[in-house]
Structure formats: structure tokens, C-alpha cells
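Q: Quick one, final35.txt (compact mmCIF, C-alpha atoms):
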# COMPACT_ATOMS: atom_id res chain seq x y z
CA MET N 4 0.00 0.00 0.00
CA LEU N 5 2.76 2.41 1.08
CA LYS N 6 4.75 1.45 -1.99
CA ARG N 7 1.77 2.00 -4.31
CA LEU N 8 1.06 5.37 -2.75
CA LYS N 9 4.75 6.20 -3.06
CA GLY N 10 4.67 5.42 -6.77
CA PHE N 11 1.43 7.26 -7.46
CA PHE N 12 2.85 10.72 -6.76
CA ALA N 13 5.63 10.20 -9.28
CA THR N 14 3.03 9.64 -12.02
CA ARG N 15 1.26 12.19 -14.21
CA PRO N 16 -2.11 11.65 -12.45
CA GLY N 17 -0.25 12.05 -9.15
CA ILE N 18 1.24 15.46 -9.89
CA ILE N 19 -2.01 16.65 -11.49
CA SER N 20 -3.97 15.62 -8.38
CA VAL N 21 -1.54 17.50 -6.16
CA GLY N 22 -1.67 20.64 -8.36
CA LEU N 23 -5.44 20.52 -8.48
CA GLY N 24 -5.61 20.08 -4.71
CA ILE N 25 -3.28 23.03 -4.08
CA GLY N 26 -5.32 25.26 -6.40
CA ILE N 27 -8.60 24.31 -4.74
CA LEU N 28 -7.24 24.70 -1.22
CA ALA N 29 -5.65 28.07 -2.05
CA SER N 30 -9.01 29.34 -3.20
CA VAL N 31 -10.61 27.94 -0.05
CA LEU N 32 -8.01 29.74 2.08
CA GLN N 33 -8.92 33.01 0.37
CA LYS N 34 -12.60 32.31 1.02
CA ALA N 35 -11.67 31.55 4.65
CA GLY N 36 -10.08 34.98 5.09
CA ASN N 37 -6.71 35.23 3.34
CA PRO N 38 -6.15 38.32 1.12
CA GLY N 39 -7.38 38.57 -2.47
CA ASN N 40 -5.68 36.21 -4.92
CA MET N 41 -3.38 35.33 -2.01
CA GLY N 42 -4.81 32.11 -0.69
CA ILE N 43 -1.19 31.05 -0.70
CA CYS N 44 1.86 33.17 -1.41
CA VAL N 45 5.16 31.92 -0.07
CA ALA N 46 6.94 35.24 -0.63
CA CYS N 47 4.15 37.38 0.83
CA PHE N 48 3.68 35.10 3.81
CA GLU N 49 7.39 34.95 4.64
CA ARG N 50 7.38 38.75 4.35
CA ASP N 51 4.47 38.87 6.80
CA ILE N 52 6.43 36.66 9.20
CA ALA N 53 9.43 39.02 8.90
CA GLY N 54 7.09 41.85 9.85
CA ALA N 55 5.47 39.97 12.73
CA VAL N 56 8.82 39.43 14.44
CA GLY N 57 9.79 43.05 13.89
CA LEU N 58 12.31 42.75 11.05
CA HIS N 59 10.48 45.43 9.04
CA ARG N 60 8.03 48.17 9.90
CA ALA N 61 5.50 47.96 7.08
CA ALA N 62 2.44 47.93 9.34
CA PRO N 63 -0.05 46.44 6.82
CA VAL N 64 1.99 43.28 6.18
CA GLN N 65 2.74 41.71 9.55
CA TYR N 66 1.39 38.32 10.62
CA LEU N 67 2.87 34.97 11.60
CA ARG N 68 1.46 32.98 8.70
CA PRO N 69 0.76 29.37 9.71
CA GLU N 70 0.83 28.32 6.06
CA ILE N 71 4.63 28.62 5.91
CA ILE N 72 4.98 26.69 9.15
CA GLY N 73 2.61 23.99 7.89
CA PHE N 74 4.42 23.60 4.58
CA VAL N 75 7.71 22.79 6.31
CA LEU N 76 6.23 20.57 9.01
CA GLY N 77 3.90 18.77 6.56
CA ALA N 78 6.83 18.00 4.29
CA MET N 79 8.80 16.80 7.30
CA ILE N 80 6.02 14.39 8.30
CA ALA N 81 5.95 13.04 4.72
CA ALA N 82 9.73 12.72 4.64
CA PHE N 83 9.72 10.66 7.83
CA ALA N 84 6.68 8.60 6.80
CA PHE N 85 8.22 7.65 3.45
CA LYS N 86 11.82 7.38 4.62
CA GLU N 87 12.99 10.45 2.73
CA TRP N 88 14.31 12.37 5.72
CA ARG N 89 17.78 13.16 4.39
CA PRO N 90 19.66 15.70 6.53
CA ARG N 91 22.19 17.37 4.22
CA VAL N 92 24.13 20.64 4.02
CA GLY N 93 27.16 22.24 2.47
CA SER N 94 26.22 23.29 -1.05
CA ALA N 95 27.34 26.92 -1.18
CA PRO N 96 25.17 28.11 1.72
CA ILE N 97 26.02 31.82 1.53
CA ILE N 98 25.15 31.88 -2.16
CA ARG N 99 21.84 30.21 -1.38
CA PHE N 100 21.19 32.87 1.25
CA MET N 101 21.77 35.63 -1.30
CA LEU N 102 19.69 33.87 -3.96
CA GLY N 103 16.84 33.69 -1.45
CA PHE N 104 17.40 37.35 -0.64
CA PHE N 105 17.23 38.52 -4.26
CA ALA N 106 14.41 36.11 -5.14
CA MET N 107 12.36 37.82 -2.46
CA VAL N 108 13.39 41.30 -3.64
CA GLY N 109 12.21 40.42 -7.16
CA ALA N 110 8.99 38.77 -5.96
CA LEU N 111 8.08 41.80 -3.88
CA VAL N 112 8.47 44.13 -6.86
CA PHE N 113 5.89 41.99 -8.66
CA LEU N 114 3.97 41.43 -5.39
CA GLY N 115 3.93 37.67 -5.30
CA CYS N 116 5.89 34.47 -5.67
CA PRO N 117 5.28 32.11 -8.62
CA TRP N 118 2.48 30.43 -6.67
CA ARG N 119 0.69 33.74 -6.25
CA ALA N 120 1.38 34.70 -9.87
CA LEU N 121 -0.61 31.60 -10.84
CA LEU N 122 -3.32 32.31 -8.28
CA ARG N 123 -3.57 35.93 -9.45
CA LEU N 124 -4.07 34.64 -12.98
CA ALA N 125 -6.70 32.19 -11.72
CA GLY N 126 -8.45 35.12 -10.02
CA GLY N 127 -8.59 37.16 -13.25
CA ASP N 128 -5.67 39.53 -12.56
CA GLY N 129 -4.22 40.30 -16.01
CA ASN N 130 -1.05 41.79 -14.52
CA ALA N 131 -0.06 38.26 -13.56
CA ILE N 132 0.51 37.49 -17.26
CA LEU N 133 3.48 39.86 -17.29
CA GLY N 134 4.74 38.40 -14.03
CA ILE N 135 4.54 34.85 -15.39
CA ALA N 136 6.23 35.95 -18.62
CA GLY N 137 9.04 37.42 -16.51
CA LEU N 138 9.25 34.19 -14.54
CA VAL N 139 9.63 32.16 -17.73
CA VAL N 140 12.36 34.48 -19.01
CA GLY N 141 14.18 34.34 -15.66
CA VAL N 142 14.07 30.55 -15.56
CA ALA N 143 15.17 30.38 -19.22
CA ILE N 144 18.25 32.46 -18.36
CA GLY N 145 18.88 30.03 -15.50
CA VAL N 146 18.60 27.08 -17.88
CA TYR N 147 21.18 28.73 -20.12
CA PHE N 148 23.59 28.78 -17.18
CA ILE N 149 22.73 25.21 -16.13
CA LYS N 150 23.44 24.01 -19.68
CA GLY N 151 26.75 25.83 -19.49
CA GLY N 152 27.75 23.83 -16.43
CA TYR N 153 26.49 26.06 -13.60
CA ASN N 154 26.23 24.25 -10.29
CA LEU N 155 26.58 25.04 -6.60
CA GLY N 156 28.40 21.82 -5.74
CA ARG N 157 27.09 18.83 -3.91
CA SER N 158 25.76 18.77 -0.40
CA ARG N 159 26.89 16.28 2.19
CA PRO N 160 24.85 14.05 4.49
CA THR N 161 24.83 15.37 8.03
CA ARG N 162 23.29 14.81 11.44
CA SER N 163 19.55 14.98 11.96
CA SER N 164 20.03 17.76 14.50
CA LEU N 165 21.44 19.99 11.76
CA GLY N 166 18.79 19.05 9.21
CA SER N 167 16.03 19.82 11.66
CA ILE N 168 17.01 23.42 12.40
CA LEU N 169 14.49 25.08 10.06
CA PRO N 170 11.63 22.76 11.05
CA VAL N 171 12.40 23.52 14.71
CA ILE N 172 12.42 27.28 13.97
CA MET N 173 9.02 26.81 12.33
CA PHE N 174 7.74 24.95 15.35
CA GLY N 175 8.97 27.83 17.53
CA LEU N 176 7.07 30.30 15.34
CA LEU N 177 3.97 28.14 15.74
CA LEU N 178 4.29 28.34 19.53
CA LEU N 179 4.63 32.15 19.26
CA LEU N 180 1.52 32.26 17.08
CA ILE N 181 -0.52 30.12 19.47
CA PHE N 182 0.57 31.76 22.72
CA LYS N 183 1.11 35.32 21.41
CA PRO N 184 3.48 36.47 24.16
CA GLU N 185 3.46 40.20 24.94
CA LEU N 186 6.90 41.75 25.20
CA SER N 187 7.94 45.30 26.08
CA SER N 188 9.46 45.70 22.59
CA GLY N 189 6.00 45.42 21.08
CA VAL N 190 6.51 42.11 19.29
CA LEU N 191 4.67 40.25 18.00
CA PHE N 192 3.39 42.75 15.43
CA PHE N 193 0.09 41.79 13.84
CA SER N 194 -1.44 44.11 11.25
CA SER N 195 -4.73 45.72 12.18
CA GLU N 196 -5.42 46.71 8.58
CA GLY N 197 -4.17 45.75 5.11
CA PRO N 198 -3.29 42.28 3.80
CA GLY N 199 -1.59 41.26 7.05
CA SER N 200 -4.87 41.66 8.92
CA MET N 201 -6.64 39.29 6.54
CA HIS N 202 -6.16 35.67 7.41
CA ALA N 203 -7.97 32.38 7.71
CA ASN N 204 -8.47 30.73 11.09
CA LEU N 205 -5.12 29.55 12.41
CA PHE N 206 -6.04 25.89 12.65
CA ILE N 207 -7.79 25.75 9.28
CA ALA N 208 -4.77 27.40 7.62
CA LEU N 209 -2.34 25.16 9.47
CA GLY N 210 -4.29 22.02 8.63
CA ILE N 211 -4.47 22.87 4.94
CA ALA N 212 -0.79 23.81 4.85
CA LEU N 213 0.24 20.57 6.55
CA ALA N 214 -1.69 18.64 3.90
CA ILE N 215 -0.14 20.66 1.07
CA GLY N 216 3.34 20.27 2.56
CA PHE N 217 2.82 16.52 2.85
CA PHE N 218 1.62 15.97 -0.71
CA ALA N 219 3.97 18.50 -2.29
CA GLN N 220 6.93 16.72 -0.70
CA ARG N 221 5.73 13.43 -2.11
CA SER N 222 5.15 14.78 -5.61
CA ARG N 223 8.17 17.20 -5.75
CA PHE N 224 5.75 19.94 -6.82
CA CYS N 225 7.78 22.95 -8.01
CA THR N 226 6.64 25.92 -10.08
CA MET N 227 10.16 26.85 -11.19
CA GLY N 228 11.07 23.22 -11.93
CA ALA N 229 7.97 22.98 -14.12
CA ILE N 230 9.24 25.70 -16.45
CA ARG N 231 12.87 24.56 -16.23
CA ASP N 232 12.07 20.97 -17.16
CA VAL N 233 10.09 21.98 -20.24
CA ILE N 234 12.86 24.25 -21.49
CA LEU N 235 15.73 21.97 -20.50
CA VAL N 236 14.51 18.46 -21.34
CA ARG N 237 11.00 18.94 -22.83
CA ASP N 238 9.49 17.24 -19.78
CA TRP N 239 5.91 18.35 -19.08
CA HIS N 240 5.45 16.35 -15.87
CA LEU N 241 5.72 19.18 -13.30
CA LEU N 242 4.07 21.70 -15.61
CA SER N 243 0.96 19.53 -15.81
CA GLY N 244 0.69 19.93 -12.02
CA VAL N 245 1.15 23.68 -12.27
CA ILE N 246 -1.57 23.96 -14.93
CA ALA N 247 -3.83 21.84 -12.71
CA LEU N 248 -3.22 24.34 -9.89
CA VAL N 249 -4.46 27.20 -12.07
CA VAL N 250 -7.50 25.18 -13.21
CA GLY N 251 -8.38 24.14 -9.65
CA ALA N 252 -8.10 27.68 -8.32
CA PHE N 253 -9.96 29.13 -11.32
CA VAL N 254 -12.94 26.79 -10.93
CA MET N 255 -13.17 27.36 -7.18
CA ASN N 256 -12.80 31.13 -7.60
CA ALA N 257 -15.71 31.03 -10.06
CA ILE N 258 -17.80 29.04 -7.57
CA PHE N 259 -16.89 31.35 -4.65
CA GLY N 260 -17.40 34.55 -6.68
CA GLN N 261 -13.71 35.42 -6.36
CA LEU N 262 -13.13 35.86 -10.08
CA HIS N 263 -12.58 39.47 -11.16
CA TRP N 264 -11.14 40.07 -14.64
CA GLY N 265 -9.02 43.10 -15.36
CA PHE N 266 -5.77 44.94 -14.77
CA ALA N 267 -6.64 47.94 -12.61
CA GLY N 268 -7.87 47.65 -9.05
CA GLN N 269 -6.73 44.08 -8.49
CA PRO N 270 -6.04 43.10 -4.89
CA VAL N 271 -2.44 43.64 -3.69
CA ALA N 272 -1.23 44.30 -7.24
CA HIS N 273 -0.09 47.15 -9.47
CA THR N 274 -0.25 47.88 -13.18
CA ASN N 275 3.35 48.87 -13.87
CA GLN N 276 4.08 46.08 -16.34
CA LEU N 277 7.80 46.78 -16.59
CA LEU N 278 8.14 46.21 -12.85
CA ASN N 279 5.81 43.20 -12.92
CA PHE N 280 7.96 41.65 -15.63
CA GLY N 281 11.36 42.70 -14.31
CA GLY N 282 10.66 41.65 -10.74
CA MET N 283 9.80 38.15 -11.82
CA VAL N 284 12.75 37.85 -14.20
CA LEU N 285 14.96 38.34 -11.15
CA ALA N 286 12.90 35.99 -8.97
CA GLY N 287 12.74 33.30 -11.69
CA LEU N 288 16.47 33.43 -12.28
CA ALA N 289 17.26 33.25 -8.57
CA PHE N 290 14.90 30.27 -8.09
CA ALA N 291 16.43 28.50 -11.10
CA LEU N 292 19.97 29.03 -9.81
CA ALA N 293 18.90 27.73 -6.37
CA GLY N 294 17.14 24.68 -7.84
CA GLY N 295 13.63 25.29 -6.56
CA CYS N 296 10.72 27.70 -6.25
CA PRO N 297 10.02 29.16 -2.80
CA GLY N 298 7.47 26.46 -2.04
CA ARG N 299 9.88 23.69 -3.00
CA GLN N 300 12.59 25.27 -0.84
CA LEU N 301 10.22 24.98 2.14
CA PHE N 302 9.44 21.35 1.32
CA MET N 303 13.13 20.48 0.91
CA SER N 304 13.79 22.16 4.25
CA GLY N 305 11.25 19.75 5.67
CA GLU N 306 13.30 16.85 4.25
CA GLY N 307 16.29 18.04 6.25
CA ASP N 308 17.98 20.09 3.51
CA GLY N 309 19.86 22.76 5.44
CA ASP N 310 20.82 24.61 2.24
CA ALA N 311 17.16 25.04 1.34
CA GLY N 312 16.67 26.25 4.92
CA ILE N 313 19.34 28.90 4.34
CA PHE N 314 17.51 29.98 1.18
CA VAL N 315 14.30 30.38 3.21
CA ILE N 316 16.07 32.50 5.82
CA GLY N 317 17.58 34.54 2.96
CA MET N 318 14.06 35.17 1.68
CA ILE N 319 12.82 36.31 5.10
CA ILE N 320 15.76 38.68 5.55
CA GLY N 321 15.33 39.81 1.93
CA ALA N 322 11.73 40.73 2.71
CA ALA N 323 12.85 42.83 5.66
CA PHE N 324 15.36 44.70 3.47
CA ALA N 325 12.83 45.04 0.66
CA HIS N 326 10.46 46.95 2.92
CA ASN N 327 13.09 48.85 4.91
CA PHE N 328 14.84 50.00 1.71
CA THR N 329 11.63 50.65 -0.25
CA THR N 330 12.37 48.13 -2.99
CA ALA N 331 9.02 46.38 -2.47
CA ALA N 332 6.32 47.71 -4.77
CA THR N 333 3.41 49.69 -3.47
CA PRO N 334 0.04 49.20 -5.17
CA TRP N 335 0.65 52.55 -6.96
CA PRO N 336 4.10 52.47 -8.64
CA ASN N 337 3.03 53.98 -11.95
CA ASN N 338 4.34 57.31 -10.78
CA PRO N 339 8.15 56.95 -10.77
CA ALA N 340 8.14 58.81 -7.45
CA ASN N 341 6.54 55.71 -5.94
CA TRP N 342 9.04 53.24 -7.40
CA GLY N 343 11.38 53.43 -4.45
CA TRP N 344 14.58 51.49 -4.97
CA GLY N 345 12.79 48.62 -6.72
CA PRO N 346 14.27 49.07 -10.22
CA ALA N 347 17.78 49.57 -8.82
CA ALA N 348 17.42 46.45 -6.67
CA ILE N 349 16.35 44.41 -9.70
CA ILE N 350 19.47 45.52 -11.60
CA VAL N 351 21.76 44.71 -8.67
CA GLY N 352 20.05 41.33 -8.17
CA LEU N 353 20.29 40.43 -11.85
CA ALA N 354 23.97 41.42 -11.90
CA PHE N 355 24.59 39.17 -8.89
CA CYS N 356 22.80 36.22 -10.50
CA VAL N 357 24.50 36.63 -13.87
CA ILE N 358 27.95 36.79 -12.27
CA LEU N 359 27.11 33.61 -10.35
CA GLY N 360 25.87 31.97 -13.54
CA PHE N 361 29.15 32.62 -15.31
CA THR N 362 31.49 31.89 -12.41
CA MET N 363 29.99 28.92 -10.54
CA ARG N 364 30.84 26.36 -13.17
CA GLY N 365 32.66 23.14 -13.73
CA LYS N 366 34.22 20.43 -11.65
CA THR N 367 36.31 22.79 -9.54
CA VAL N 368 33.12 23.93 -7.93
CA LEU N 369 32.08 20.34 -7.36
CA ALA N 370 35.36 19.48 -5.74
CA THR N 371 35.65 22.43 -3.41
CA ALA N 372 32.05 23.15 -2.43
CA MET B 20 22.40 18.33 -12.52
CA PRO B 21 22.15 14.54 -12.91
CA VAL B 22 19.37 14.95 -15.48
CA VAL B 23 21.47 17.20 -17.73
CA GLU B 24 24.56 15.01 -17.55
CA THR B 25 22.58 11.79 -18.10
CA ARG B 26 20.68 13.24 -21.05
CA LYS B 27 23.94 14.28 -22.71
CA LYS B 28 25.19 10.73 -22.28
CA ILE B 29 21.97 9.21 -23.68
CA LEU B 30 22.01 11.49 -26.72
CA GLY B 31 25.63 10.54 -27.33
CA SER B 32 24.98 6.79 -27.08
CA SER B 33 23.81 4.41 -29.79
CA PRO B 34 20.71 2.13 -29.63
CA GLY B 35 21.36 -0.87 -27.40
CA GLY B 36 24.07 1.03 -25.54
CA SER B 37 24.00 0.88 -21.76
CA PHE B 38 25.59 2.82 -18.88
CA GLU B 39 25.19 3.37 -15.16
CA VAL B 40 24.35 6.51 -13.20
CA LEU B 41 24.68 6.85 -9.44
CA VAL B 42 22.34 9.35 -7.76
CA GLU B 43 21.90 10.21 -4.11
CA THR B 44 18.35 11.42 -3.67
CA GLY B 45 14.90 10.14 -4.47
CA THR B 46 14.21 13.35 -6.38
CA SER B 47 17.25 12.90 -8.64
CA ARG B 48 16.32 9.25 -9.14
CA ASP B 49 12.75 10.12 -10.18
CA ASN B 50 13.89 12.98 -12.44
CA VAL B 51 16.49 10.86 -14.24
CA ILE B 52 14.08 7.93 -14.67
CA ARG B 53 11.37 10.20 -16.10
CA MET B 54 13.78 11.88 -18.50
CA ALA B 55 15.25 8.53 -19.59
CA HIS B 56 11.80 7.12 -20.31
CA ASN B 57 11.01 10.25 -22.34
CA GLU B 58 14.17 9.57 -24.34
CA SER B 59 13.05 5.96 -25.04
CA CYS B 60 15.37 4.24 -22.60
CA ASP B 61 14.89 1.35 -20.21
CA VAL B 62 15.95 1.99 -16.62
CA LYS B 63 16.81 -0.58 -13.98
CA VAL B 64 17.05 0.76 -10.41
CA THR B 65 19.25 -0.79 -7.74
CA THR B 66 19.04 0.70 -4.27
CA ARG B 67 22.29 0.63 -2.32
CA GLU B 68 22.71 1.21 1.38
CA THR B 69 25.78 3.26 2.25
CA GLU B 70 26.99 4.20 5.71
CA ALA B 71 25.14 7.49 5.76
CA GLU B 72 22.13 6.95 3.55
CA GLU B 73 20.68 5.22 0.51
CA GLU B 74 21.87 5.81 -3.02
CA TYR B 75 20.49 4.62 -6.32
CA LEU B 76 22.33 2.95 -9.16
CA LEU B 77 20.40 3.44 -12.41
CA THR B 78 21.28 1.21 -15.34
CA ILE B 79 20.11 2.99 -18.46
CA THR B 80 19.76 1.18 -21.77
CA ARG B 81 18.87 2.99 -24.97
CA LYS B 82 16.21 1.11 -26.97
Could you show the structure in this file as C-alpha cells?
A:
Amino acid sequence: MLKRLKGFFATRPGIISVGLGIGILASVLQKAGNPGNMGICVACFERDIAGAVGLHRAAPVQYLRPEIIGFVLGAMIAAFAFKEWRPRVGSAPIIRFMLGFFAMVGALVFLGCPWRALLRLAGGDGNAILGIAGLVVGVAIGVYFIKGGYNLGRSRPTRSSLGSILPVIMFGLLLLLIFKPELSSGVLFFSSEGPGSMHANLFIALGIALAIGFFAQRSRFCTMGAIRDVILVRDWHLLSGVIALVVGAFVMNAIFGQLHWGFAGQPVAHTNQLLNFGGMVLAGLAFALAGGCPGRQLFMSGEGDGDAGIFVIGMIIGAAFAHNFTTAATPWPNNPANWGWGPAAIIVGLAFCVILGFTMRGKTVLATA
Amino acid sequence: MPVVETRKKILGSSPGGSFEVLVETGTSRDNVIRMAHNESCDVKVTTRETEAEEEYLLTITRK
């Protein structure tokens, strides 16, 4: 039985079921209280966590999102249940931190990770088309580097105590969320208005996220990998799951009345298409160079991958910088005065990624990393 | 990436040709198997126990 179940998720029907399930549950989470077209957004929710613990001061986006916690812990449960708990570290951790950092910077210029880009599309937000186009271009640049021999070197097996650091951090965040301690510093910060104030019931969100984490770990669901595999080896396996996600969310949005076509006035979105595109080029490239979308990085962290854990921490710190240094988009960036440092941050991030792409190559990297 | 390296090897081999690939994770194993099947190859999987963890020896034969 376990073996059959194990095999099912590696099949086409398996990945499509998982994608469909994620799409449906994301729409349900929105219905249950999460922000518009943001039933799930790994980037936004990690940003909210950064705000909740006081790493940035953007008052509307602060909440300890149980979805992130559930993704990691759900994946960890699956990894243990199916004997895929593989503690490992040592594949260029500081680079992974910076890739997480710049992936977040790019995602917050667009206002969403690849998961939310798909959910925005499934909710009728036309701006998502430019974001997804940017994502494809970013991943394609990454594929160019991978074909040229780019790699971050192999990781090494390690102790379980090391592999469990990110899951334990997530468990700690869960305790903070449940007990909400009051400290003289003012933490925890929970938004009283804006997207951060909109959230589903803690236990509903946690339950759904645990389920998604579990099944995504089994199926290796990855939005970046979906695009990469099609470009690199013409493999449509993961992409069929991603398309199923959009279909599932679209149908449920139609049923729930959450479908609103158009470009202007979309929830937590803007209509500056250059920034929508450019932000996701950077994010897509950073995800491709790190070997996984932000969701997949959480699931790999749950398998004991300490390097993926470093990427996640890089994203959380990146979110703090993005808001503190005004690189994150506001809903009104069409006036250049409202751009902040977003365009400059995209250029710096792209330069970083391109330099990595050209320099982290060949067997020398493999031998020394 | 194991998939990229293996695919290069498959494309450079002739029908009936066979070679072995050693991968360390279940994800790499699944990715290589899927790609090899897409490239019309047979794959035989042997799971090996090492001191630290499992690894997978994939014998790939081009049809």
C-alpha cells in the first residue's frame, strides 16, 4: 500500500492531483479569510512573518502565517513517513542565502511568488501574465547557465540535529503564534489593517498547509522546476501539475465569486508592467539558480535540507530589506516617485545572479564546495 | 544536474548502448528515470545502502 502510494505521486495523475488540490485549497483559504488572490503566497507570507517578528516596519503586512509553518512541518512528516528524511548541508550556503534574498526582492516588486502569480491569474488579474512571462524568461536564463555547467556543488549528508534546524524554527514560530506572548518591545506585530490583517483561522490554515506540505513533498511539486524541465529536457510532468493548480483555483474562484477580470484595481497588485515583468525575471532566475521555487525550498527544508533552509532564511531577511529600503512595490508604482529602490534592486540582483551563472561552473566547484 | 549530464550521455549513445548513473536522492532518481523514459530508454534501479544513507544505481539502456 505504502509502496503503491509512493509510486502514485511520481506519475502524471499524481502530480495533477496535487496541483489541483493546491489550487482548490488556495481558493478555499482566500474564502476563509486570506487576502485577495493570495490564498497562498510563499513570498508574501514569509514577508508577513518578517514583519510579525519586527524585522520590518510595514504595518499592513505583519502576521505569523501558519501556512509557511505547515508547509515545512507537513513536508517533514511526509519525509519521515516515506523514509525520505535526508539531513544534508554544504552546497554553497552563503550563495543560497543571497539567492533567497534577491528572489524575495524580485517577488516583492511583482507582489507575489510564482504560486501567487498563478493564483492571481486564476483570479482574473491580467497583470499576472506579465509576471509569469518574466518568470519564464528568468528561468530560461537560469537554464542557459545550467546548460553551461552552472552548479553550486554537492551537499553532504549530516546529522539529523542539523537538518532539523528550520523545522524547529518553524515549530517555535507556531508556539509564538498560538501563545502570542506580549513583550515590552511590542513584538509580536500583527497588522490591524491591510493584507496582514486578513487571514484564515489559524487551525484551518495550518491544517491545509500541513496537507499541502505533505503531498507537495511526495510529488516534488515545483513551479520553477515545471518551467525549467520543459525548457531543458521537454518534460511536461511538473508543468501539468502547475496547470492543474491554475485550473483548480480558477474553478473554485468562479464558484466562490472570487473571479474578477481586469488589470486595474486588483487586490495587492499594481499595473506597472515593466516592474511586474522585471521583478519576476529576477525571482525566476534566482529560483532557477537555487534549484527550486520558494514552495519547493520549504518542502526540501522539511526533508532536512539545510541549504534550502538557508535559502528560506535569505528570503525572510530579503523581505525585511525590501520593505526597509523601499524596494518592495506599493500598489501605486506607476508614478516613478513611488518606485522606491525597486528598479535599482532588480538591476543589482540580476547582476549578482548573472555573475554567479558565469562563475559557478565546472568540476572545480564540485570538488571544493 | 544529474538529469542534464545523463541526457547528454543518452544522446551521445547508440541504440542498445548501456551505462550506469549513481544518484543520491529520491528526487534525482525520479527525475532521471522520467527523462530517460522520455528519451526511449529502459531503466533498472538498484538501491544501495551506504553508511550514511541510501543511493540509487540506475542502469540505463537505450532502446
Q: List the spatial neighbours of segment 76-78 of chain B as a PyMOL selection string - criterion: any atom at most 10 Å away, only C-alpha atoms, same-chain residues fewer than 3 positions off excluded.
A: chain B and resi 37-43+48+51-52+60-67
Q: Could those residues be written to a file, using C-alpha atoms, as a PDB file, keeping the file's coordinate frame?
A:
ATOM      1  CA  SER B  37      24.000   0.880 -21.760  1.00  0.00           C
ATOM      2  CA  PHE B  38      25.590   2.820 -18.880  1.00  0.00           C
ATOM      3  CA  GLU B  39      25.190   3.370 -15.160  1.00  0.00           C
ATOM      4  CA  VAL B  40      24.350   6.510 -13.200  1.00  0.00           C
ATOM      5  CA  LEU B  41      24.680   6.850  -9.440  1.00  0.00           C
ATOM      6  CA  VAL B  42      22.340   9.350  -7.760  1.00  0.00           C
ATOM      7  CA  GLU B  43      21.900  10.210  -4.110  1.00  0.00           C
ATOM      8  CA  ARG B  48      16.320   9.250  -9.140  1.00  0.00           C
ATOM      9  CA  VAL B  51      16.490  10.860 -14.240  1.00  0.00           C
ATOM     10  CA  ILE B  52      14.080   7.930 -14.670  1.00  0.00           C
ATOM     11  CA  CYS B  60      15.370   4.240 -22.600  1.00  0.00           C
ATOM     12  CA  ASP B  61      14.890   1.350 -20.210  1.00  0.00           C
ATOM     13  CA  VAL B  62      15.950   1.990 -16.620  1.00  0.00           C
ATOM     14  CA  LYS B  63      16.810  -0.580 -13.980  1.00  0.00           C
ATOM     15  CA  VAL B  64      17.050   0.760 -10.410  1.00  0.00           C
ATOM     16  CA  THR B  65      19.250  -0.790  -7.740  1.00  0.00           C
ATOM     17  CA  THR B  66      19.040   0.700  -4.270  1.00  0.00           C
ATOM     18  CA  ARG B  67      22.290   0.630  -2.320  1.00  0.00           C
TER      19      ARG B  67
END
Q: What is the atom CA of Phe48 of chain N-atom CA of Phe85 of chain N distance in Å, reported with one decimal?
A: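 For atom CA of Phe48 of chain N relative to atom CA of Phe85 of chain N, the distance reads 27.8 Å.
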Q: For the atom pair atom CA of Leu133 of chain N and atom CA of Ala272 of chain N, what is the interatomic distance in Å to one decimal place?
A: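 Distance reported for this atom pair: 12.0 Å.
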Q: Using all atoms listed in the file, tabulate the residues of chain B lying at most 12 Å from any atom of chain N, each with its closest atom pair and that distance in Å to one decimal, by chain and increasing residue number, as CSV.
A:
residue,atom,partner,partner_atom,distance
B:Met20,CA,N:Asn154,CA,7.4
B:Pro21,CA,N:Asn154,CA,10.9
B:Val22,CA,N:Val236,CA,8.4
B:Val23,CA,N:Lys150,CA,7.4
B:Glu24,CA,N:Lys150,CA,9.3
B:Thr25,CA,N:Val236,CA,11.0
B:Arg26,CA,N:Val236,CA,8.1
B:Lys27,CA,N:Lys150,CA,10.2
B:Leu30,CA,N:Val236,CA,11.6
B:Val42,CA,N:Arg157,CA,11.3
B:Glu43,CA,N:Pro160,CA,9.9
B:Thr44,CA,N:Arg89,CA,8.3
B:Gly45,CA,N:Glu87,CA,7.5
B:Thr46,CA,N:Arg223,CA,7.2
B:Ser47,CA,N:Arg223,CA,10.5
B:Arg48,CA,N:Ala13,CA,10.7
B:Asp49,CA,N:Ala13,CA,7.2
B:Asn50,CA,N:Ala13,CA,9.3
B:Val51,CA,N:Val236,CA,10.6
B:Ile52,CA,N:Ala13,CA,10.3
B:Arg53,CA,N:Asp238,CA,8.2
B:Met54,CA,N:Asp238,CA,7.0
B:Ala55,CA,N:Val236,CA,10.1
B:His56,CA,N:Asp238,CA,10.4
B:Asn57,CA,N:Asp238,CA,7.6
B:Glu58,CA,N:Val236,CA,9.4
B:Thr69,CA,N:Pro160,CA,11.1
B:Glu70,CA,N:Pro160,CA,10.2
B:Ala71,CA,N:Pro160,CA,6.7
B:Glu72,CA,N:Arg89,CA,7.6
B:Glu73,CA,N:Arg89,CA,9.3
B:Glu74,CA,N:Arg89,CA,11.2
Q: Quick one: residues within 12 Å of (0.4, 8.4, -3.7) (file frame), counting all atoms listed in the file, please, as an NGL selection string.
A: :N and (4-21 or 81 or 85 or 217-223)
Q: Report, in Å to a single decimal, how far apart atom CA of His202 of chain N and atom CA of Leu169 of chain N are.
A: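 Value for the atom CA of Leu169 of chain N-atom CA of His202 of chain N distance: 23.4 Å.
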Q: What's around Leu242 of chain N at 8 Å? Count all atoms listed in the file, leave out sequence neighbours fewer than 6 positions away in its own chain, and write the answer as a PyMOL selection string.
A: chain N and resi 226+229-230+233
Q: For the selection you just gave me, I'd like the residues written to a file as a CSV table (one decimal), keeping the file's coordinate frame, keeping C-alpha atoms.
A:
chain,number,residue,atom,x,y,z
N,226,THR,CA,6.6,25.9,-10.1
N,229,ALA,CA,8.0,23.0,-14.1
N,230,ILE,CA,9.2,25.7,-16.4
N,233,VAL,CA,10.1,22.0,-20.2
Q: Which residues come within 12 Å of segment 176-185 of chain N, counting all atoms listed in the file, excluding same-chain residues fewer than 2 positions away, as a VMD selection string?
A: chain N and resid 49 52 to 53 55 to 56 66 to 73 75 to 76 169 to 174 187 to 193 204 to 206 208 to 209
Q: Got a minute to add N, CA and C atoms to segment 34-41 of chain B and dump it as a CSV table (one decimal), in the coordinates of the input?
A:
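As a result, selection.csv now contains:
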chain,number,residue,atom,x,y,z
B,34,PRO,N,21.8,3.1,-30.1
B,34,PRO,CA,20.7,2.1,-29.6
B,34,PRO,C,21.3,0.8,-29.1
B,35,GLY,N,20.8,0.3,-28.0
B,35,GLY,CA,21.4,-0.9,-27.4
B,35,GLY,C,22.5,-0.6,-26.4
B,36,GLY,N,23.0,0.6,-26.5
B,36,GLY,CA,24.1,1.0,-25.5
B,36,GLY,C,23.6,1.2,-24.1
B,37,SER,N,24.4,0.9,-23.2
B,37,SER,CA,24.0,0.9,-21.8
B,37,SER,C,25.1,1.6,-20.9
B,38,PHE,N,24.6,2.2,-19.8
B,38,PHE,CA,25.6,2.8,-18.9
B,38,PHE,C,24.9,3.0,-17.5
B,39,GLU,N,25.7,3.3,-16.5
B,39,GLU,CA,25.2,3.4,-15.2
B,39,GLU,C,25.3,4.8,-14.6
B,40,VAL,N,24.3,5.2,-13.8
B,40,VAL,CA,24.4,6.5,-13.2
B,40,VAL,C,24.1,6.3,-11.7
B,41,LEU,N,24.9,7.0,-10.9
B,41,LEU,CA,24.7,6.8,-9.4
B,41,LEU,C,24.1,8.2,-8.9
